[in-house]
Every structure is written in C-alpha cells, then in structure tokens.
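File shown: model.cif (mmCIF, C-alpha atoms).
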```cif
data_upload
loop_
_atom_site.label_atom_id
_atom_site.label_comp_id
_atom_site.auth_asym_id
_atom_site.auth_seq_id
_atom_site.Cartn_x
_atom_site.Cartn_y
_atom_site.Cartn_z
CA MET J 1 -31.26 10.91 4.17
CA ALA J 2 -28.09 10.83 6.24
CA GLY J 3 -27.95 7.06 5.78
CA GLY J 4 -28.28 7.44 2.00
CA ARG J 5 -25.48 10.01 1.93
CA ALA J 6 -23.25 7.71 3.98
CA SER J 7 -24.04 4.85 1.63
CA ARG J 8 -23.09 6.93 -1.40
CA VAL J 9 -19.84 8.02 0.27
CA GLY J 10 -19.09 4.39 1.05
CA ASP J 11 -19.68 3.40 -2.57
CA VAL J 12 -17.34 6.17 -3.76
CA LEU J 13 -14.63 5.04 -1.35
CA LYS J 14 -14.98 1.42 -2.45
CA ARG J 15 -14.62 2.42 -6.12
CA ALA J 16 -11.64 4.66 -5.28
CA VAL J 17 -9.86 1.85 -3.46
CA ARG J 18 -10.15 -0.31 -6.54
CA GLU J 19 -8.51 2.37 -8.72
CA PRO J 20 -4.84 1.50 -9.63
CA LEU J 21 -3.71 5.11 -9.11
CA VAL J 22 -5.11 5.21 -5.59
CA GLN J 23 -3.49 1.86 -4.82
CA PHE J 24 -0.16 3.10 -6.20
CA LEU J 25 -0.29 6.26 -4.05
CA ALA J 26 -1.21 4.25 -0.98
CA ILE J 27 1.72 1.87 -1.49
CA GLY J 28 4.03 4.86 -1.97
CA ALA J 29 2.85 6.41 1.27
CA VAL J 30 3.45 3.15 3.15
CA LEU J 31 6.96 2.79 1.68
CA PHE J 32 7.81 6.40 2.47
CA ALA J 33 6.64 5.97 6.07
CA ALA J 34 8.63 2.75 6.40
CA SER J 35 11.71 4.46 4.94
CA ALA J 36 11.38 7.27 7.49
CA LEU J 37 11.18 4.78 10.34
CA ILE J 38 14.20 2.82 9.09
CA ARG J 39 16.42 5.79 8.22
CA GLY J 40 15.48 7.96 11.17
CA PRO J 41 15.48 11.78 10.93
CA GLN J 42 16.03 13.44 7.56
CA ARG J 43 19.65 13.91 6.66
CA GLY J 44 19.23 17.28 5.02
CA THR J 45 17.47 20.55 5.67
CA THR J 46 14.74 21.73 3.30
CA GLY J 47 13.45 25.25 3.01
CA ALA J 48 16.87 26.81 3.69
CA THR J 49 18.09 29.95 1.89
CA LEU J 50 19.22 29.30 -1.67
CA THR J 51 21.68 31.85 -3.05
CA ILE J 52 22.72 31.74 -6.71
CA SER J 53 26.13 33.38 -6.78
CA GLU J 54 27.45 35.58 -9.56
CA GLY J 55 30.03 32.91 -10.29
CA ARG J 56 27.31 30.28 -10.78
CA VAL J 57 25.40 32.62 -13.14
CA ASN J 58 28.61 33.16 -15.11
CA GLN J 59 29.03 29.37 -15.37
CA LEU J 60 25.53 29.10 -16.81
CA ILE J 61 26.36 31.85 -19.31
CA GLU J 62 29.62 30.08 -20.33
CA SER J 63 27.84 26.75 -20.74
CA TYR J 64 25.22 28.37 -22.97
CA LEU J 65 27.94 30.08 -24.99
CA LEU J 66 29.70 26.76 -25.61
CA LEU J 67 26.47 25.10 -26.77
CA ALA J 68 24.84 27.94 -28.71
CA GLY J 69 27.87 29.89 -29.86
CA ARG J 70 26.53 33.13 -28.36
CA VAL J 71 25.71 34.62 -24.97
CA PRO J 72 22.12 34.20 -23.81
CA SER J 73 19.61 37.03 -23.93
CA LYS J 74 18.20 38.35 -20.66
CA ALA J 75 15.06 36.24 -21.08
CA GLU J 76 17.14 33.15 -21.87
CA LEU J 77 19.44 33.74 -18.90
CA GLU J 78 16.45 34.21 -16.63
CA SER J 79 15.09 30.88 -17.85
CA LEU J 80 18.46 29.17 -17.32
CA VAL J 81 18.72 30.47 -13.75
CA ASP J 82 15.12 29.51 -13.03
CA ASP J 83 15.78 25.99 -14.27
CA TYR J 84 18.92 25.80 -12.11
CA VAL J 85 16.92 26.90 -9.06
CA THR J 86 14.41 24.11 -9.70
CA GLU J 87 17.23 21.61 -10.13
CA GLU J 88 18.98 22.71 -6.92
CA ILE J 89 15.78 22.63 -4.85
CA ASP J 90 14.84 19.19 -6.19
CA TYR J 91 18.37 17.95 -5.44
CA ARG J 92 18.23 19.21 -1.87
CA GLU J 93 14.79 17.73 -1.32
CA ALA J 94 15.90 14.38 -2.76
CA VAL J 95 18.97 14.28 -0.49
CA ALA J 96 16.83 15.25 2.49
CA MET J 97 14.51 12.32 1.71
CA GLY J 98 17.50 9.98 1.44
CA LEU J 99 16.85 9.23 -2.23
CA ASP J 100 20.58 9.30 -2.96
CA ALA J 101 21.28 6.46 -0.51
CA ASP J 102 21.96 2.98 -1.88
CA ASP J 103 21.65 4.24 -5.46
CA THR J 104 24.39 2.55 -7.47
CA ILE J 105 24.35 5.13 -10.26
CA VAL J 106 24.62 8.06 -7.83
CA ARG J 107 27.41 6.36 -5.86
CA ARG J 108 29.42 5.64 -9.00
CA ARG J 109 28.95 9.15 -10.32
CA MET J 110 30.10 10.69 -7.04
CA ARG J 111 33.12 8.38 -6.94
CA GLN J 112 33.94 9.30 -10.54
CA LYS J 113 33.76 13.03 -9.81
CA LEU J 114 35.98 12.63 -6.74
CA GLU J 115 38.56 10.66 -8.72
CA PHE J 116 38.54 13.29 -11.48
CA LEU J 117 39.27 15.99 -8.89
CA VAL J 118 42.10 13.98 -7.35
CA GLU J 119 43.63 13.03 -10.70
CA ASP J 120 43.42 16.48 -12.28
CA ALA J 121 44.85 18.19 -9.21
CA ASP J 122 48.02 16.09 -9.40
CA ALA J 123 48.35 15.62 -13.16
CA SER J 124 47.70 19.17 -14.36
CA GLU J 125 51.37 19.96 -14.90
CA GLU J 126 53.06 19.26 -18.22
CA PRO J 127 55.96 16.78 -18.16
CA THR J 128 59.40 18.16 -18.97
CA GLU J 129 61.45 16.75 -21.82
CA ALA J 130 63.80 15.21 -19.26
CA GLN J 131 60.90 13.44 -17.54
CA LEU J 132 59.60 12.10 -20.85
CA GLN J 133 63.09 10.97 -21.85
CA ALA J 134 63.42 9.09 -18.56
CA TRP J 135 59.92 7.65 -19.01
CA VAL J 136 60.69 6.27 -22.49
CA LYS J 137 63.99 4.85 -21.29
CA THR J 138 62.35 3.13 -18.31
CA HIS J 139 59.57 1.71 -20.50
CA ALA J 140 61.72 0.91 -23.53
CA SER J 141 59.93 -2.36 -24.33
CA GLN J 142 56.59 -0.55 -24.43
CA TYR J 143 57.84 1.82 -27.15
CA ARG J 144 60.04 -0.54 -29.15
CA LEU J 145 59.61 0.03 -32.88
CA PRO J 146 58.94 -3.23 -34.76
CA GLU J 147 60.86 -4.57 -37.72
CA ARG J 148 59.87 -3.21 -41.13
CA ARG J 149 60.30 -4.72 -44.56
CA ALA J 150 59.95 -3.41 -48.11
CA ILE J 151 58.76 -6.08 -50.56
CA ARG J 152 57.84 -6.79 -54.18
CA GLN J 153 55.16 -9.37 -54.96
CA VAL J 154 53.74 -11.22 -57.98
CA LEU J 155 50.25 -12.70 -57.65
CA ALA J 156 48.72 -15.82 -59.14
CA SER J 157 45.06 -15.02 -58.56
CA SER J 158 42.82 -17.75 -57.15
CA ASP J 159 39.83 -15.97 -58.70
CA LYS J 160 41.31 -16.32 -62.18
CA ARG J 161 43.16 -19.62 -61.84
CA GLY J 162 41.28 -21.50 -59.13
CA VAL J 163 43.19 -24.57 -57.93
CA GLY J 164 45.82 -23.91 -60.61
CA ALA J 165 47.05 -20.75 -58.90
CA ARG J 166 49.79 -22.50 -56.96
CA ALA J 167 51.13 -24.33 -60.01
CA GLY J 168 51.15 -21.07 -61.96
CA ALA J 169 53.09 -19.32 -59.22
CA GLU J 170 55.64 -22.12 -59.05
CA GLY J 171 56.24 -21.80 -62.80
CA TRP J 172 56.79 -18.05 -62.48
CA LEU J 173 59.20 -18.58 -59.58
CA LYS J 174 61.57 -20.46 -61.90
CA LYS J 175 61.45 -17.60 -64.37
CA LEU J 176 62.04 -14.96 -61.72
CA THR J 177 64.98 -16.91 -60.31
CA ALA J 178 66.41 -16.98 -63.82
CA GLY J 179 66.13 -13.17 -64.04
CA ALA J 180 62.73 -12.57 -65.67
CA ASP J 181 61.11 -9.13 -65.38
CA PRO J 182 58.48 -9.35 -62.56
CA GLY J 183 56.50 -6.59 -64.26
CA LYS J 184 55.67 -8.97 -67.11
CA LEU J 185 54.45 -11.75 -64.84
CA GLY J 186 51.46 -12.16 -62.55
CA ASP J 187 47.75 -11.53 -62.67
CA GLY J 188 46.42 -8.00 -62.37
CA SER J 189 44.69 -6.97 -59.13
CA MET J 190 43.98 -4.01 -56.88
CA LEU J 191 46.86 -5.07 -54.61
CA PRO J 192 50.10 -3.05 -54.72
CA THR J 193 52.94 -4.82 -56.54
CA ALA J 194 55.40 -3.24 -54.09
CA LEU J 195 55.31 -2.07 -50.49
CA PRO J 196 57.70 0.47 -48.97
CA LEU J 197 59.11 -0.22 -45.51
CA THR J 198 56.07 -1.60 -43.65
CA THR J 199 55.50 -3.41 -40.35
CA GLU J 200 54.11 -6.92 -40.19
CA GLU J 201 50.85 -5.46 -38.96
CA GLY J 202 50.72 -3.12 -41.95
CA ALA J 203 51.38 -5.97 -44.39
CA ALA J 204 48.70 -8.06 -42.69
CA ALA J 205 46.15 -5.29 -43.21
CA LEU J 206 46.66 -5.59 -46.97
CA PHE J 207 47.48 -9.25 -47.58
CA GLY J 208 46.27 -11.09 -44.47
CA LYS J 209 47.97 -12.35 -41.31
CA GLU J 210 49.30 -15.63 -42.74
CA PHE J 211 50.96 -13.86 -45.67
CA ALA J 212 52.56 -11.26 -43.39
CA ARG J 213 53.75 -13.88 -40.90
CA SER J 214 55.42 -15.90 -43.66
CA VAL J 215 57.08 -12.89 -45.26
CA PHE J 216 58.50 -11.56 -41.98
CA ALA J 217 59.73 -15.02 -40.96
CA HIS J 218 61.65 -15.50 -44.22
CA GLU J 219 65.43 -15.16 -43.85
CA GLY J 220 66.77 -15.98 -47.29
CA LYS J 221 67.55 -13.72 -50.23
CA GLY J 222 65.92 -13.52 -53.64
CA TRP J 223 62.44 -14.49 -54.74
CA PHE J 224 60.59 -17.08 -52.68
CA GLY J 225 57.15 -18.62 -52.45
CA PRO J 226 54.47 -19.36 -53.22
CA VAL J 227 53.03 -17.57 -50.16
CA ALA J 228 49.30 -18.02 -49.73
CA SER J 229 46.85 -15.19 -49.04
CA PRO J 230 43.09 -14.79 -49.36
CA PHE J 231 43.76 -13.51 -52.90
CA GLY J 232 45.81 -16.41 -54.20
CA GLU J 233 49.48 -17.42 -54.29
CA HIS J 234 52.27 -14.84 -54.15
CA LEU J 235 55.92 -14.79 -55.07
CA VAL J 236 57.78 -12.37 -52.85
CA LEU J 237 61.10 -10.51 -52.91
CA VAL J 238 62.30 -8.72 -49.76
CA ILE J 239 63.91 -5.53 -51.04
CA GLU J 240 64.95 -3.93 -47.73
CA THR J 241 64.79 -4.78 -44.04
CA GLU J 242 64.91 -2.37 -41.11
CA GLY J 243 65.38 -4.16 -37.80
CA GLY J 244 63.33 -3.41 -34.73
CA ARG J 245 64.82 -0.89 -32.31
CA ASN J 246 64.12 1.02 -29.13
CA ALA J 247 62.33 4.25 -29.93
CA ALA J 248 63.85 7.67 -29.44
CA LEU J 249 61.68 10.23 -27.68
CA SER J 250 61.14 12.06 -30.97
CA ASP J 251 59.58 8.89 -32.43
CA VAL J 252 56.92 8.53 -29.72
CA HIS J 253 56.71 11.97 -28.07
CA ASP J 254 52.92 12.37 -28.13
CA LYS J 255 52.21 8.83 -26.96
CA ALA J 256 54.84 9.05 -24.21
CA ARG J 257 53.31 12.32 -22.97
CA SER J 258 49.84 10.77 -22.91
CA ASP J 259 51.08 7.67 -21.08
CA TRP J 260 53.05 9.78 -18.59
CA ILE J 261 49.98 11.85 -17.67
CA GLU J 262 47.78 8.76 -17.41
CA ALA J 263 50.29 7.03 -15.16
CA LYS J 264 50.54 10.09 -12.92
CA ARG J 265 46.74 10.21 -12.65
CA ASP J 266 46.67 6.52 -11.74
CA ALA J 267 49.29 7.08 -9.07
CA ALA J 268 47.45 10.12 -7.67
CA ARG J 269 44.16 8.22 -7.51
CA ASP J 270 45.70 5.20 -5.79
CA ALA J 271 47.63 7.36 -3.32
CA HIS J 272 44.38 9.13 -2.44
CA GLN J 273 42.60 5.81 -1.94
CA ALA J 274 45.41 4.53 0.26
CA ARG J 275 45.28 7.69 2.41
CA THR J 276 41.52 7.61 2.82
CA ARG J 277 41.41 3.86 3.55
CA ARG J 278 43.77 4.36 6.45
CA ARG J 279 41.08 6.47 8.12
CA TYR J 280 38.64 3.54 8.17
CA LYS J 281 38.59 0.19 9.87
CA ILE J 282 37.27 -2.14 7.17
CA GLU J 283 35.94 -5.57 8.05
CA ILE J 284 34.17 -7.89 5.63
CA ILE J 285 32.05 -10.85 6.71
CA TRP J 286 32.12 -13.18 3.73
CA PRO J 287 29.31 -15.68 3.13
CA GLU J 288 29.99 -19.32 2.50
CA PRO J 289 31.85 -20.58 0.52
CA TYR J 290 34.06 -17.44 0.54
CA ARG J 291 35.16 -17.51 4.17
CA ASP J 292 38.81 -18.12 3.22
CA ILE J 293 39.06 -14.62 1.67
CA ALA J 294 40.82 -12.01 3.81
CA ALA J 295 38.47 -10.23 6.21
CA ALA J 296 39.98 -6.86 5.30
CA PRO J 297 40.81 -5.57 1.80
CA ASP J 298 44.28 -4.46 0.72
CA PRO J 299 44.81 -1.04 2.33
CA THR J 300 47.09 0.06 -0.52
CA PRO J 301 45.47 -0.74 -3.90
CA LYS J 302 47.97 -1.08 -6.72
CA THR J 303 48.10 1.14 -9.80
CA LYS J 304 47.48 -0.35 -13.22
CA LYS J 305 50.49 1.58 -14.49
CA THR J 306 53.28 2.48 -12.12
CA LEU J 307 55.61 5.42 -12.46
CA GLU J 308 58.58 3.32 -11.39
CA GLY J 309 60.36 6.24 -9.78
CA VAL J 310 60.25 8.48 -12.84
CA ILE J 311 57.78 10.91 -11.27
CA GLU J 312 58.31 12.09 -7.73
#
```
As structure tokens, what does this structure read like?
Amino acid sequence: MAGGRASRVGDVLKRAVREPLVQFLAIGAVLFAASALIRGPQRGTTGATLTISEGRVNQLIESYLLLAGRVPSKAELESLVDDYVTEEIDYREAVAMGLDADDTIVRRRMRQKLEFLVEDADASEEPTEAQLQAWVKTHASQYRLPERRAIRQVLASSDKRGVGARAGAEGWLKKLTAGADPGKLGDGSMLPTALPLTTEEGAAALFGKEFARSVFAHEGKGWFGPVASPFGEHLVLVIETEGGRNAALSDVHDKARSDWIEAKRDAARDAHQARTRRRYKIEIIWPEPYRDIAAAPDPTPKTKKTLEGVIE
C-alpha cells in the first residue's frame, strides 16, 4: 500500500512539473535566488514602522478635492489612506528586493523629479521689469518683429478659367494700370480681396508660401503680377508696408517672461549637474570603434539657453 501511495504521489509530481504555472514559479524562484546572490544583502529594511503623518493625510484630502471638487467623506478618506499604506509598503518591499535597480523608467522618473526640484527652487521668483527689459535687449534678434504688408488682390480663378487664368489676369493688369476699379474685376472666391498689415507667414496661411514670398519680395509700386497661388493667378497692390523692427518689451512681455524663467531653470539644472559631477570620478571605457572618444565626459554640461549675464 505504501508503494502504491508513493507511486500516486510521484504521478502527481510529474503532472505538476509539466504545468506551465509551476514551471513559471520555479523559474522565478531561481531568478530571485540568483539575484540575491549577485546583489548581496537587501538594500532596504522591510517590516519597519510606517507612520502616515497628518501632513500626508492632508495631501490626500487636497488631491481628492482637486479631482472630485469636494472633500472626501470619512469612509472615502479611510479608503484613500488604506490605499496609500498599501502603496508605501509595496514600494518599500520593491526597493528592498532591488526591483528599482537598472530600471530605465524608474531612473528617468527619479532624474526628472530631481531636476524639477532643482529648477523650481531657483526659478520660483518672478523677473522684474528691469530684468525682462535687459533680457529682450540682449536677445533682440530672438524677438525681432517681422515686416508686415497690407495688400489688395484680384484673382483669376484656375477653377473657373483653367489654363486661361494667367492670360485673363494679364488682361486685367493692363486695365488696373490704366486706372480701372479693382472691385469690378476678378473672379469671386472665399479669399479676402484685401489684407490689413500682415506678416509673410500670415499671408502664406491664406494664399500659400509661393504667393507670400513673391509679394514680400516685390519692391515696386502699383499693381503687379500675375502672382501664382494654389487658387489661380493674382494681381496684387501693396497698400502699406511696415518694416521689421526690434520689439519693445510691451510687444513681447509674456513670451519674454516665459523665456526668462525657462532659461533660469536651464541654468539652475546645469549648475546643479556641474556641482554634483565634481563629486564623482567618471571614467568611460569605450568599445571599438569608439576608443577615440574622451574617457571622461564634460564636467560642465552646457545649457541649451544661456542667461548671458542677465540673471545673476
């Protein structure tokens, strides 16, 4: 009887070994054991006291208020705190097991949070008007206002005239040059017959890039054309021109403020990186064929946007 029982146990074990779930668990156990041998002792302590401070509970209440538009009930708050406890315990256990190591997503998220702290700590102050004025002056080319032109146009529609659109426009040009009323010429369309002072980019949005480029390159007076566009052939009159100029602070105040803050954040982040890099000896062993690259990275990474002495 004992032999029969042993045989049945053996059969059960054989069937269990063939089960995918059992195989998966066995592989996991082997990997976990190997990880423990490689990494050495656990890096964290599990089972320690976990205290949820009043400040943390208030943060949970504020987060709920932002999402739901009201404060949580007692039952809801109890559930929120319970969920936070589970999250905190799982986080501690995961760190203790080394699950955060060599995880690209975790590393990038931690770097991002650190950079946010560094940037916000140094860029929380509002720039003064004097600082913004100096910023705009130093970066004048960045804020230069482009040339603008006001125009009148008469269209010979390619939809209505086909290949004859250009010939039709040329005939109207002679009449316009002789003083004809432009309102009595041209094919009807959804396009505006006149544009107020507009940049080349604004004209391109309505008539196409080639049309805008031709109109803003024209230097003569009076009607000219035909100027091609996706809609046909145009005759154009430049009514007014406003040359490009350096912007005053009042023209670009909001953008200058945004750029100033971004530049200060960039500078704060790069200064932090330079300080922390000085605490490490960094050596890189490059594989072939990259051996000609420097063995140590630049200890002072450069900002994408420099403050150029405007911000101390």
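Using all atoms listed in the file for every distance, the candidate list J:Ala248, J:Val154, J:Val136, J:Leu145 yields J:Val154 as the residue closest to Thr193 in chain J.
With distances restricted to only C-alpha atoms, J:Glu240 is the closest residue to Glu147 in chain J from J:Asp82, J:Glu240, J:Asp259, J:Asp292.
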query: Which residues, written as JSON, numbers by chain, have at least one atom at most 10 Å from Ala256 in chain J, with all atoms listed in the file counted and residues fewer than 4 positions away on the same chain left out?
result: {"J": [127, 132, 133, 135, 136, 139, 142, 143, 249, 250, 251, 252, 260, 261, 262]}
message: Between J:His218, J:Lys209, J:His234, J:Lys175, which residue has the minimum interatomic distance to Asp187 in chain J, considering only C-alpha atoms?
response: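 Smallest separation from Asp187 in chain J among the options: J:His234.
Considering the residues J:Lys255, J:Ala263, J:Arg152, J:Leu185 and counting only C-alpha atoms, Leu237 in chain J has its shortest atom-to-atom contact with J:Arg152.
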task: Would you write out, as a VMD selection string, every residue that the PyMOL selection byres ((chain J and resi 72-80) around 12) captures in this file?
output: chain J and resid 52 56 to 71 81 to 87
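For the residues J:Ala296, J:Met190, J:Ala167, J:Ala267, ranking by smallest atom-to-atom distance to Glu233 in chain J using only C-alpha atoms places J:Ala167 first.
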- prompt: Using all atoms listed in the file, which residues sit within 9 Å of range 111-121 of chain J once same-chain residues fewer than 2 positions away are excluded, as a ChimeraX atom specification?
  reply: /J:106-109,123-125,262,264-269,272
Would you translate the PyMOL selection byres ((chain J and resi 217) around 12) into the concrete set of residues it matches in this file, as a tab-separated table (two decimals) with C-alpha atoms, in the frame of the given file?
```tsv
chain	number	residue	atom	x	y	z
J	147	GLU	CA	60.86	-4.57	-37.72
J	148	ARG	CA	59.87	-3.21	-41.13
J	149	ARG	CA	60.30	-4.72	-44.56
J	200	GLU	CA	54.11	-6.92	-40.19
J	210	GLU	CA	49.30	-15.63	-42.74
J	211	PHE	CA	50.96	-13.86	-45.67
J	212	ALA	CA	52.56	-11.26	-43.39
J	213	ARG	CA	53.75	-13.88	-40.90
J	214	SER	CA	55.42	-15.90	-43.66
J	215	VAL	CA	57.08	-12.89	-45.26
J	216	PHE	CA	58.50	-11.56	-41.98
J	218	HIS	CA	61.65	-15.50	-44.22
J	219	GLU	CA	65.43	-15.16	-43.85
J	220	GLY	CA	66.77	-15.98	-47.29
J	224	PHE	CA	60.59	-17.08	-52.68
J	227	VAL	CA	53.03	-17.57	-50.16
J	238	VAL	CA	62.30	-8.72	-49.76
J	241	THR	CA	64.79	-4.78	-44.04
```
query: Quick one: of J:Ala140, J:Ala205, J:Ala134, J:Met97, who's nearest to Arg245 in chain J, counting all atoms listed in the file?
result: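 Of the candidates, the smallest distance to Arg245 in chain J is held by J:Ala140.
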- request: Would you mind reading off the distance between CA of Gly188 in chain J and CA of Lys221 in chain J, one decimal, in Å?
  value: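 Those two atoms sit 25.0 Å apart.
Put simply, CA of Val236 in chain J is 6.8 Å away from CA of Ile151 in chain J.
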Could you add N, CA and C atoms to range 246-274 of chain J and give me the result as a compact mmCIF listing (two decimals), in the frame of the given file?
```txt
# COMPACT_ATOMS: atom_id res chain seq x y z
N ASN J 246 64.74 0.20 -30.17
CA ASN J 246 64.12 1.02 -29.13
C ASN J 246 63.86 2.41 -29.69
N ALA J 247 62.72 2.96 -29.38
CA ALA J 247 62.33 4.25 -29.93
C ALA J 247 63.06 5.39 -29.24
N ALA J 248 63.38 6.41 -30.01
CA ALA J 248 63.85 7.67 -29.44
C ALA J 248 62.62 8.48 -29.03
N LEU J 249 62.81 9.43 -28.14
CA LEU J 249 61.68 10.23 -27.68
C LEU J 249 60.98 10.91 -28.84
N SER J 250 61.74 11.37 -29.83
CA SER J 250 61.14 12.06 -30.97
C SER J 250 60.20 11.15 -31.76
N ASP J 251 60.43 9.84 -31.70
CA ASP J 251 59.58 8.89 -32.43
C ASP J 251 58.21 8.73 -31.77
N VAL J 252 58.15 8.87 -30.45
CA VAL J 252 56.92 8.53 -29.72
C VAL J 252 56.53 9.64 -28.73
N HIS J 253 56.88 10.87 -29.04
CA HIS J 253 56.71 11.97 -28.07
C HIS J 253 55.27 12.10 -27.58
N ASP J 254 54.32 12.15 -28.51
CA ASP J 254 52.92 12.37 -28.13
C ASP J 254 52.37 11.21 -27.30
N LYS J 255 52.70 9.99 -27.71
CA LYS J 255 52.21 8.83 -26.96
C LYS J 255 52.86 8.77 -25.58
N ALA J 256 54.16 9.07 -25.51
CA ALA J 256 54.84 9.05 -24.21
C ALA J 256 54.24 10.10 -23.27
N ARG J 257 53.93 11.28 -23.79
CA ARG J 257 53.31 12.32 -22.97
C ARG J 257 51.96 11.86 -22.44
N SER J 258 51.15 11.26 -23.32
CA SER J 258 49.84 10.77 -22.91
C SER J 258 49.95 9.69 -21.84
N ASP J 259 50.88 8.76 -22.04
CA ASP J 259 51.08 7.67 -21.08
C ASP J 259 51.60 8.20 -19.74
N TRP J 260 52.49 9.18 -19.81
CA TRP J 260 53.05 9.78 -18.59
C TRP J 260 51.95 10.40 -17.74
N ILE J 261 51.08 11.18 -18.39
CA ILE J 261 49.98 11.85 -17.67
C ILE J 261 49.01 10.82 -17.11
N GLU J 262 48.70 9.79 -17.89
CA GLU J 262 47.78 8.76 -17.41
C GLU J 262 48.36 8.03 -16.21
N ALA J 263 49.66 7.73 -16.27
CA ALA J 263 50.29 7.03 -15.16
C ALA J 263 50.31 7.90 -13.90
N LYS J 264 50.53 9.21 -14.07
CA LYS J 264 50.54 10.09 -12.92
C LYS J 264 49.14 10.19 -12.31
N ARG J 265 48.11 10.19 -13.15
CA ARG J 265 46.74 10.21 -12.65
C ARG J 265 46.43 8.92 -11.89
N ASP J 266 46.87 7.79 -12.44
CA ASP J 266 46.67 6.52 -11.74
C ASP J 266 47.33 6.54 -10.37
N ALA J 267 48.56 7.05 -10.33
CA ALA J 267 49.29 7.08 -9.07
C ALA J 267 48.62 8.02 -8.07
N ALA J 268 48.13 9.17 -8.56
CA ALA J 268 47.45 10.12 -7.67
C ALA J 268 46.17 9.52 -7.11
N ARG J 269 45.41 8.83 -7.96
CA ARG J 269 44.16 8.22 -7.51
C ARG J 269 44.43 7.14 -6.47
N ASP J 270 45.42 6.29 -6.72
CA ASP J 270 45.70 5.20 -5.79
C ASP J 270 46.29 5.72 -4.48
N ALA J 271 47.09 6.77 -4.55
CA ALA J 271 47.63 7.36 -3.32
C ALA J 271 46.50 7.94 -2.48
N HIS J 272 45.55 8.59 -3.16
CA HIS J 272 44.38 9.13 -2.44
C HIS J 272 43.59 8.01 -1.78
N GLN J 273 43.35 6.93 -2.51
CA GLN J 273 42.60 5.81 -1.94
C GLN J 273 43.33 5.20 -0.76
N ALA J 274 44.65 5.09 -0.86
CA ALA J 274 45.41 4.53 0.26
C ALA J 274 45.31 5.42 1.49
```
